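So this one's target.cif, mmCIF, C-alpha atoms and all ligand atoms:
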```
data_data
loop_
_atom_site.label_atom_id
_atom_site.label_comp_id
_atom_site.auth_asym_id
_atom_site.auth_seq_id
_atom_site.Cartn_x
_atom_site.Cartn_y
_atom_site.Cartn_z
CA MET A 675 0.00 0.00 0.00
CA ARG A 676 1.19 3.52 -0.83
CA PRO A 677 2.38 5.58 2.17
CA TYR A 678 0.38 8.43 3.69
CA VAL A 679 2.30 11.56 2.63
CA ILE A 680 2.84 14.64 4.78
CA VAL A 681 4.63 17.66 3.27
CA ASN A 682 6.35 20.09 5.59
CA ALA A 683 7.96 23.37 4.54
CA ALA A 684 8.90 26.74 5.95
CA MET A 685 8.33 29.76 3.76
CA SER A 686 8.77 33.51 3.98
CA ALA A 687 5.79 35.89 4.13
CA ASP A 688 6.13 36.18 0.32
CA GLY A 689 6.00 32.40 -0.13
CA LYS A 690 9.69 31.63 -0.79
CA LEU A 691 11.46 28.52 0.52
CA SER A 692 14.95 29.97 0.01
CA THR A 693 16.84 32.67 -1.91
CA ILE A 694 17.30 32.99 -5.67
CA GLN A 695 20.77 31.39 -5.22
CA ARG A 696 18.88 28.49 -3.55
CA ARG A 697 20.72 29.29 -0.34
CA GLN A 698 19.11 27.85 2.78
CA VAL A 699 17.78 30.53 5.16
CA LYS A 700 16.48 30.42 8.71
CA ILE A 701 12.74 31.05 8.40
CA SER A 702 11.39 29.58 11.64
CA GLY A 703 12.67 29.27 15.21
CA GLN A 704 13.28 26.67 17.92
CA GLN A 705 9.61 25.93 18.56
CA ASP A 706 8.99 25.09 14.92
CA PHE A 707 12.25 23.08 14.66
CA ALA A 708 11.04 20.99 17.61
CA ARG A 709 7.62 20.48 15.95
CA VAL A 710 9.30 19.39 12.69
CA ASP A 711 11.57 17.04 14.63
CA ARG A 712 8.55 15.44 16.33
CA LEU A 713 6.75 15.14 13.00
CA LYS A 714 9.81 13.50 11.42
CA SER A 715 10.12 11.19 14.38
CA SER A 716 6.48 10.07 13.90
CA CYS A 717 7.18 8.97 10.30
CA ASP A 718 8.68 5.81 8.83
CA ALA A 719 10.61 7.74 6.20
CA VAL A 720 11.57 11.26 5.21
CA MET A 721 12.08 12.27 1.58
CA VAL A 722 13.79 15.12 -0.29
CA GLY A 723 14.60 15.85 -3.92
CA ILE A 724 18.19 15.91 -5.15
CA GLY A 725 17.97 19.73 -5.48
CA THR A 726 17.68 19.99 -1.69
CA VAL A 727 20.58 17.59 -1.12
CA LEU A 728 22.80 19.61 -3.48
CA ALA A 729 21.72 22.96 -2.00
CA ASP A 730 21.59 22.19 1.73
CA ASP A 731 23.37 18.86 2.32
CA PRO A 732 20.83 17.90 5.02
CA SER A 733 21.24 14.80 7.20
CA LEU A 734 17.46 14.48 7.86
CA THR A 735 18.11 12.85 11.22
CA VAL A 736 15.87 13.13 14.27
CA LYS A 737 17.57 15.60 16.60
CA SER A 738 15.83 15.31 19.99
CA ASP A 739 17.10 12.63 22.39
CA GLU A 740 13.54 12.22 23.69
CA CYS A 741 12.18 11.51 20.19
CA LYS A 742 15.03 9.08 19.47
CA LYS A 743 14.35 7.29 22.75
CA ARG A 744 10.65 6.98 21.92
CA ARG A 745 11.49 5.55 18.51
CA ARG A 746 13.80 2.95 20.11
CA GLU A 747 11.04 2.04 22.59
CA ARG A 748 8.68 1.55 19.63
CA GLY A 749 11.25 -0.88 18.23
CA THR A 750 12.20 1.28 15.23
CA ASP A 751 15.54 2.74 14.17
CA GLU A 752 16.40 6.09 15.79
CA HIS A 753 16.04 7.80 12.43
CA PRO A 754 13.37 7.32 9.76
CA VAL A 755 14.48 5.84 6.43
CA ARG A 756 16.00 8.68 4.44
CA VAL A 757 14.91 8.86 0.81
CA VAL A 758 16.42 10.94 -2.01
CA VAL A 759 14.71 11.34 -5.40
CA ASP A 760 17.54 11.62 -7.90
CA SER A 761 16.89 10.53 -11.52
CA THR A 762 20.51 10.54 -12.68
CA ALA A 763 22.25 9.54 -9.43
CA ARG A 764 23.85 12.98 -9.04
CA ILE A 765 24.04 12.63 -5.26
CA PRO A 766 27.64 13.16 -4.04
CA LEU A 767 28.92 9.94 -2.48
CA ASP A 768 30.00 11.95 0.59
CA ALA A 769 26.56 13.60 1.09
CA SER A 770 25.62 13.87 4.79
CA ILE A 771 22.37 12.02 4.20
CA LEU A 772 24.34 8.92 3.16
CA HIS A 773 26.69 8.95 6.16
CA LYS A 774 25.43 10.89 9.17
CA SER A 775 24.12 8.57 11.89
CA PRO A 776 23.07 4.96 11.41
CA GLY A 777 19.89 4.06 9.58
CA LYS A 778 18.48 3.00 6.25
CA ARG A 779 18.75 5.08 3.10
CA VAL A 780 16.97 4.83 -0.23
CA VAL A 781 18.07 6.62 -3.40
CA ALA A 782 15.45 6.55 -6.16
CA VAL A 783 16.83 6.85 -9.69
CA SER A 784 15.44 6.44 -13.21
CA ALA A 785 16.60 4.05 -15.93
CA ARG A 786 18.85 6.77 -17.40
CA ALA A 787 21.10 6.95 -14.32
CA ASP A 788 24.74 6.10 -14.96
CA GLN A 789 25.28 2.44 -14.05
CA LYS A 790 28.70 3.04 -12.47
CA ARG A 791 27.27 5.72 -10.17
CA VAL A 792 24.35 3.44 -9.29
CA ALA A 793 26.77 0.60 -8.47
CA ALA A 794 28.77 2.91 -6.18
CA LEU A 795 25.57 4.05 -4.47
CA ARG A 796 24.46 0.49 -3.77
CA SER A 797 27.14 0.17 -1.07
CA LEU A 798 25.61 3.14 0.78
CA ALA A 799 21.87 2.88 0.13
CA THR A 800 19.08 0.78 -1.28
CA VAL A 801 18.68 1.92 -4.88
CA ILE A 802 15.18 1.85 -6.38
CA VAL A 803 14.92 2.23 -10.15
CA ALA A 804 11.52 3.71 -11.05
CA GLY A 805 10.75 5.50 -14.32
CA GLU A 806 12.56 6.04 -17.60
CA GLU A 807 13.54 9.74 -17.68
CA GLU A 808 12.69 11.12 -14.25
CA VAL A 809 11.70 9.17 -11.16
CA ASP A 810 8.14 7.83 -11.45
CA LEU A 811 6.78 9.00 -8.09
CA VAL A 812 3.75 6.67 -8.13
CA ARG A 813 5.99 3.64 -8.65
CA LEU A 814 8.45 4.90 -6.07
CA LEU A 815 5.74 5.28 -3.43
CA ASP A 816 4.43 1.79 -4.27
CA GLU A 817 7.95 0.43 -3.71
CA LEU A 818 8.35 2.36 -0.45
CA GLY A 819 5.01 0.92 0.68
CA ALA A 820 6.30 -2.56 -0.12
CA LEU A 821 9.33 -1.84 2.10
CA GLY A 822 6.92 -1.28 5.00
CA ILE A 823 6.87 2.53 4.89
CA SER A 824 3.35 3.64 5.68
CA ARG A 825 3.90 7.23 6.80
CA LEU A 826 6.20 9.43 4.70
CA MET A 827 7.28 13.00 5.43
CA VAL A 828 8.46 15.16 2.52
CA GLU A 829 10.85 17.96 3.42
CA GLY A 830 11.06 19.60 -0.02
CA GLY A 831 12.05 21.25 -2.11
CA GLY A 832 9.50 22.90 -4.34
CA THR A 833 10.11 20.75 -7.42
CA ILE A 834 9.59 17.41 -5.72
CA ILE A 835 6.59 18.74 -3.79
CA ALA A 836 5.06 19.94 -7.10
CA GLY A 837 5.64 16.49 -8.61
CA LEU A 838 3.94 14.76 -5.70
CA VAL A 839 1.03 17.22 -5.64
CA SER A 840 0.49 16.87 -9.42
CA ALA A 841 0.43 13.09 -9.08
CA GLY A 842 -2.22 13.33 -6.33
CA LEU A 843 0.12 11.68 -3.82
CA VAL A 844 0.02 14.25 -0.98
CA ASP A 845 -2.36 13.86 1.98
CA GLU A 846 -1.40 16.67 4.39
CA ILE A 847 0.66 19.85 4.24
CA TYR A 848 2.21 21.90 7.05
CA THR A 849 3.49 25.34 6.10
CA PHE A 850 5.22 27.58 8.60
CA ILE A 851 5.10 31.18 7.34
CA GLY A 852 7.85 33.33 8.82
CA ASN A 853 8.15 37.09 9.28
CA ILE A 854 10.61 37.82 6.47
CA ILE A 855 10.38 38.70 2.80
CA ILE A 856 13.00 36.91 0.69
CA GLY A 857 11.84 38.11 -2.72
CA GLY A 858 13.04 37.17 -6.19
CA LYS A 859 10.69 35.81 -8.83
CA ASP A 860 12.89 32.74 -9.35
CA ALA A 861 13.34 31.87 -5.67
CA PRO A 862 11.90 28.41 -4.85
CA THR A 863 8.28 28.25 -3.68
CA LEU A 864 6.17 25.44 -2.20
CA ALA A 865 5.11 23.97 -5.54
CA ASP A 866 7.43 24.84 -8.43
CA GLY A 867 7.53 22.64 -11.53
CA PRO A 868 5.35 23.52 -14.53
CA GLY A 869 2.25 24.55 -12.55
CA PHE A 870 -1.38 23.81 -13.31
CA LEU A 871 -2.79 25.56 -16.39
CA ASP A 872 -6.44 24.84 -15.78
CA GLU A 873 -8.43 25.78 -12.67
CA ALA A 874 -10.00 22.32 -12.72
CA GLU A 875 -6.53 20.84 -12.10
CA PHE A 876 -5.73 22.95 -9.03
CA CYS A 877 -4.96 21.00 -5.89
CA ARG A 878 -7.71 21.92 -3.40
CA LEU A 879 -7.03 22.00 0.34
CA THR A 880 -8.99 22.06 3.57
CA LEU A 881 -7.59 24.16 6.39
CA LEU A 882 -7.29 22.00 9.50
CA GLU A 883 -5.49 24.36 11.89
CA VAL A 884 -3.98 27.83 12.18
CA ARG A 885 -1.50 28.27 14.99
CA ARG A 886 0.40 31.44 15.87
CA MET A 887 3.96 30.33 16.56
CA GLU A 888 6.92 32.54 17.53
CA SER A 889 6.93 35.41 15.00
CA GLY A 890 4.99 33.57 12.33
CA VAL A 891 2.08 31.24 11.74
CA LEU A 892 1.73 27.51 11.19
CA LEU A 893 -0.91 26.36 8.73
CA HIS A 894 -2.00 22.74 8.63
CA TRP A 895 -3.89 21.60 5.53
CA SER A 896 -5.37 18.36 4.29
CA VAL A 897 -5.52 17.70 0.56
CA ASN A 898 -9.02 17.17 -0.83
CA LYS A 899 -9.14 13.82 -2.62
N1 LIG A 901 12.14 26.16 3.41
C1 LIG A 901 12.01 24.85 3.37
O1 LIG A 901 11.21 24.26 4.13
C2 LIG A 901 12.84 24.06 2.39
C3 LIG A 901 12.85 22.66 2.46
C4 LIG A 901 13.60 21.96 1.53
C5 LIG A 901 14.30 22.63 0.56
N2 LIG A 901 14.29 23.98 0.53
C6 LIG A 901 15.01 24.71 -0.53
O2 LIG A 901 14.52 24.26 -1.79
C7 LIG A 901 15.57 24.37 -2.75
C8 LIG A 901 15.68 23.06 -3.50
O3 LIG A 901 14.48 22.83 -4.17
P1 LIG A 901 14.47 22.33 -5.67
O4 LIG A 901 13.10 22.54 -6.18
O5 LIG A 901 15.62 22.94 -6.40
O6 LIG A 901 14.85 20.80 -5.54
P2 LIG A 901 14.08 19.49 -4.98
O7 LIG A 901 12.63 19.66 -5.07
O8 LIG A 901 14.70 19.16 -3.68
O9 LIG A 901 14.58 18.40 -6.03
C9 LIG A 901 14.10 18.49 -7.35
C10 LIG A 901 14.77 17.48 -8.25
O10 LIG A 901 14.26 16.17 -7.99
C11 LIG A 901 14.47 15.40 -9.13
N3 LIG A 901 13.31 14.63 -9.53
C12 LIG A 901 13.38 13.34 -9.96
N4 LIG A 901 12.17 12.87 -10.28
C13 LIG A 901 11.30 13.90 -10.07
C14 LIG A 901 9.91 14.01 -10.24
N5 LIG A 901 9.16 12.99 -10.68
N6 LIG A 901 9.30 15.18 -9.95
C15 LIG A 901 10.04 16.22 -9.48
N7 LIG A 901 11.39 16.18 -9.30
C16 LIG A 901 12.02 15.01 -9.58
C17 LIG A 901 14.81 16.37 -10.29
O11 LIG A 901 16.23 16.31 -10.51
P3 LIG A 901 16.80 15.15 -11.47
O12 LIG A 901 16.12 15.36 -12.80
O13 LIG A 901 18.25 15.36 -11.50
O14 LIG A 901 16.40 13.88 -10.84
C18 LIG A 901 14.46 17.71 -9.68
O15 LIG A 901 15.22 18.76 -10.22
C19 LIG A 901 16.82 24.72 -2.00
O16 LIG A 901 17.07 26.10 -2.16
C20 LIG A 901 16.48 24.43 -0.55
O17 LIG A 901 17.18 25.27 0.34
C21 LIG A 901 13.58 24.70 1.42
#
```
Rewrite the coordinates I just gave you, this time as C-alpha cells.
Ligand SMILES: NC(=O)c1ccc[n+]([C@@H]2O[C@H](COP(=O)([O-])OP(=O)(O)OC[C@H]3O[C@@H](n4cnc5c(N)ncnc54)[C@H](OP(=O)(O)O)[C@@H]3O)[C@@H](O)[C@H]2O)c1
Amino acid sequence: MRPYVIVNAAMSADGKLSTIQRRQVKISGQQDFARVDRLKSSCDAVMVGIGTVLADDPSLTVKSDECKKRRRERGTDEHPVRVVVDSTARIPLDASILHKSPGKRVVAVSARADQKRVAALRSLATVIVAGEEEVDLVRLLDELGALGISRLMVEGGGTIIAGLVSAGLVDEIYTFIGNIIIGGKDAPTLADGPGFLDEAEFCRLTLLEVRRMESGVLLHWSVNK
C-alpha cells in the first residue's frame, strides 16, 4: 500500500522557501524546529529531492534525544528511512544524508542513471529504479510501501513537492510562514515545476489548523481527494 504523505515546509511571508541562489535561510525558530523534529520522528521515512541535497546537504536525522528514545522504545531505528529522489544519481557519495548517523537510506533513480554511479551508491543505500527519464513517483511510493513505509514525510524542495502534488500523492501539508520577505521571482516556492494551467486541475485543500507560533504562523492543511 502507498504511504500516507505529509509535506512540511517553511516559507517567507512572500512564499519563498529559500533565496534565488537556492541558499538555505532560517525562516522559523526553535519551537517550529522541535515540531518538525517530532513530525519526522512520527514517520517511517523522510524524503527530499536531489535539489535539496545539493543545495543544503541535510542529514534528515531526528535531533531530539527524547524523540530518538521513543522511537527505540517503539522498536524502530532512531532515524526514519531517508529517501532521495535523484533521476541521474547525481548525489555526491559523501553527502551527509548517506553517512550521518546509522539508519536505512533509499536513493530513487530512473533508468537513465549512470550504471557506475548506481553501483557505487548500492554500497551506501538501497537503490530503487523507477521511471525512464525522471523518477516515477507513483511507482516509487508503491515500492516504499512494499518496504513497509506507511507514513512518509516530505521535506522539499518545491520541485519534488510539485511532482507529488500533481500526481495526487500528498495527503497533508504543514506550512510555517515566517516574518521575512526573501523576494526574487525565481526563488523556490512550495510547488514549483510547470504549474497547473487549468483551474479544474488545481490542488484543493482544507484548512485544519492555524496556529500562531513565535513570530509567524503555522498552517495545517489536508488535501481534498
Ligand atoms: N524552506 C524549506 O522548508 C525548504 C525545504 C527543503 C528545501 N528547501 C530549498 O529548496 C531548494 C531546492 O528545491 P528544488 O526545487 O531545487 O529541488 P528538490 O525539489 O529538492 O529536487 C528536485 C529534483 O528532484 C528530481 N526529480 C526526480 N524525479 C522527479 C519528479 N518525478 N518530480 C520532481 N522532481 C524530480 C529532479 O532532478 P533530477 O532530474 O536530477 O532527478 C528535480 O530537479 C533549496 O534552495 C532548498 O534550500 C527549502
- Query: So how far away is atom C8 of ligand LIG 901 (chain A) from atom CA of A:Arg779, in Å?
  - Reply: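 So the answer is 19.4 Å.
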Can you build me a table of chain A residues sitting at most 8 Å from ligand LIG 901 (chain A), with the closest atom pair per residue and its distance in Å to one decimal, using only C-alpha atoms and all ligand atoms, sorted by chain and residue number, as CSV?
```
residue,atom,partner,partner_atom,distance
A:Asn682,CA,A:LIG901,O1,6.6
A:Ala683,CA,A:LIG901,O1,3.4
A:Ala684,CA,A:LIG901,O1,3.8
A:Met685,CA,A:LIG901,N1,5.3
A:Lys690,CA,A:LIG901,N1,7.3
A:Leu691,CA,A:LIG901,N1,3.8
A:Ser692,CA,A:LIG901,O16,4.9
A:Thr693,CA,A:LIG901,O16,6.6
A:Ile694,CA,A:LIG901,O16,7.7
A:Gln695,CA,A:LIG901,O16,7.1
A:Arg696,CA,A:LIG901,O16,3.3
A:Arg697,CA,A:LIG901,O16,5.2
A:Gln698,CA,A:LIG901,O17,4.0
A:Val699,CA,A:LIG901,O17,7.2
A:Ile701,CA,A:LIG901,N1,7.0
A:Val722,CA,A:LIG901,O8,5.4
A:Gly723,CA,A:LIG901,O9,3.3
A:Ile724,CA,A:LIG901,O9,4.5
A:Gly725,CA,A:LIG901,O6,3.3
A:Thr726,CA,A:LIG901,O8,3.7
A:Val727,CA,A:LIG901,O8,6.6
A:Leu728,CA,A:LIG901,C8,7.9
A:Ala729,CA,A:LIG901,C19,5.2
A:Asp730,CA,A:LIG901,O17,5.6
A:Val759,CA,A:LIG901,C12,5.2
A:Asp760,CA,A:LIG901,O14,3.9
A:Ser761,CA,A:LIG901,O14,3.5
A:Thr762,CA,A:LIG901,O13,5.5
A:Ala763,CA,A:LIG901,O13,7.4
A:Arg764,CA,A:LIG901,O13,6.6
A:Val783,CA,A:LIG901,O14,7.1
A:Ser784,CA,A:LIG901,N4,7.8
A:Glu807,CA,A:LIG901,O12,7.9
A:Glu808,CA,A:LIG901,N4,4.4
A:Val809,CA,A:LIG901,N4,3.8
A:Asp810,CA,A:LIG901,N5,5.3
A:Leu811,CA,A:LIG901,N5,5.3
A:Glu829,CA,A:LIG901,C3,5.2
A:Gly830,CA,A:LIG901,C4,3.8
A:Gly831,CA,A:LIG901,O7,3.4
A:Gly832,CA,A:LIG901,O4,4.1
A:Thr833,CA,A:LIG901,O7,3.6
A:Ile834,CA,A:LIG901,O7,3.8
A:Ile835,CA,A:LIG901,O7,6.2
A:Ala836,CA,A:LIG901,C15,6.7
A:Gly837,CA,A:LIG901,N6,4.1
A:Leu838,CA,A:LIG901,N6,6.9
A:Ala861,CA,A:LIG901,O16,7.7
A:Pro862,CA,A:LIG901,O2,5.8
A:Thr863,CA,A:LIG901,O2,7.6
A:Asp866,CA,A:LIG901,O4,6.5
A:Gly867,CA,A:LIG901,C15,7.2
```
Atoms to include: C-alpha atoms. Write the selected residues as a CSV table (one decimal), in the frame of the given file.
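result_2.csv written:
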```
chain,number,residue,atom,x,y,z
A,682,ASN,CA,6.4,20.1,5.6
A,683,ALA,CA,8.0,23.4,4.5
A,684,ALA,CA,8.9,26.7,6.0
A,685,MET,CA,8.3,29.8,3.8
A,690,LYS,CA,9.7,31.6,-0.8
A,691,LEU,CA,11.5,28.5,0.5
A,692,SER,CA,15.0,30.0,0.0
A,693,THR,CA,16.8,32.7,-1.9
A,694,ILE,CA,17.3,33.0,-5.7
A,695,GLN,CA,20.8,31.4,-5.2
A,696,ARG,CA,18.9,28.5,-3.6
A,697,ARG,CA,20.7,29.3,-0.3
A,698,GLN,CA,19.1,27.8,2.8
A,699,VAL,CA,17.8,30.5,5.2
A,701,ILE,CA,12.7,31.0,8.4
A,722,VAL,CA,13.8,15.1,-0.3
A,723,GLY,CA,14.6,15.8,-3.9
A,724,ILE,CA,18.2,15.9,-5.2
A,725,GLY,CA,18.0,19.7,-5.5
A,726,THR,CA,17.7,20.0,-1.7
A,727,VAL,CA,20.6,17.6,-1.1
A,728,LEU,CA,22.8,19.6,-3.5
A,729,ALA,CA,21.7,23.0,-2.0
A,730,ASP,CA,21.6,22.2,1.7
A,759,VAL,CA,14.7,11.3,-5.4
A,760,ASP,CA,17.5,11.6,-7.9
A,761,SER,CA,16.9,10.5,-11.5
A,762,THR,CA,20.5,10.5,-12.7
A,763,ALA,CA,22.2,9.5,-9.4
A,764,ARG,CA,23.8,13.0,-9.0
A,783,VAL,CA,16.8,6.8,-9.7
A,784,SER,CA,15.4,6.4,-13.2
A,807,GLU,CA,13.5,9.7,-17.7
A,808,GLU,CA,12.7,11.1,-14.2
A,809,VAL,CA,11.7,9.2,-11.2
A,810,ASP,CA,8.1,7.8,-11.4
A,811,LEU,CA,6.8,9.0,-8.1
A,829,GLU,CA,10.8,18.0,3.4
A,830,GLY,CA,11.1,19.6,0.0
A,831,GLY,CA,12.0,21.2,-2.1
A,832,GLY,CA,9.5,22.9,-4.3
A,833,THR,CA,10.1,20.8,-7.4
A,834,ILE,CA,9.6,17.4,-5.7
A,835,ILE,CA,6.6,18.7,-3.8
A,836,ALA,CA,5.1,19.9,-7.1
A,837,GLY,CA,5.6,16.5,-8.6
A,838,LEU,CA,3.9,14.8,-5.7
A,861,ALA,CA,13.3,31.9,-5.7
A,862,PRO,CA,11.9,28.4,-4.8
A,863,THR,CA,8.3,28.2,-3.7
A,866,ASP,CA,7.4,24.8,-8.4
A,867,GLY,CA,7.5,22.6,-11.5
```
- Identify which of the residues A:Ala782, A:Cys877, A:Ile823, A:Val803 lies closest to A:Val755, counting all atoms listed in the file when measuring atom-to-atom distances.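 The shortest atom-to-atom distance to A:Val755 comes from A:Ile823.
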- Nearest to A:Leu814: which of A:Met675, A:Leu767, A:Ile680, A:Ala799 is it, counting all atoms listed in the file?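 Nearest to A:Leu814: A:Met675.
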Go through stretch 789-865 of chain A and flag each residue having an atom no more than 9 Å from stretch 702-715 of chain A; for those, report the closest pair of atoms plus their distance in Å to one decimal, using only C-alpha atoms, ordered by chain and rising number, as CSV.
```
residue,atom,partner,partner_atom,distance
A:Leu826,CA,A:Lys714,CA,8.6
A:Met827,CA,A:Lys714,CA,6.5
A:Phe850,CA,A:Ser702,CA,7.2
A:Ile851,CA,A:Ser702,CA,7.8
A:Gly852,CA,A:Ser702,CA,5.9
A:Asn853,CA,A:Ser702,CA,8.5
```
- The residue from A:Gly777, A:Gly819, A:Gly858, A:Pro754 with the smallest atom-to-atom distance to A:Cys741, counting all atoms listed in the file, is A:Pro754
- Which polymer residues have any atom within 7 Å of an atom of A:Ser733, counting all atoms listed in the file, with same-chain residues fewer than 4 positions away left out, as a list in words? Ser770, Ile771 and Lys774 of chain A
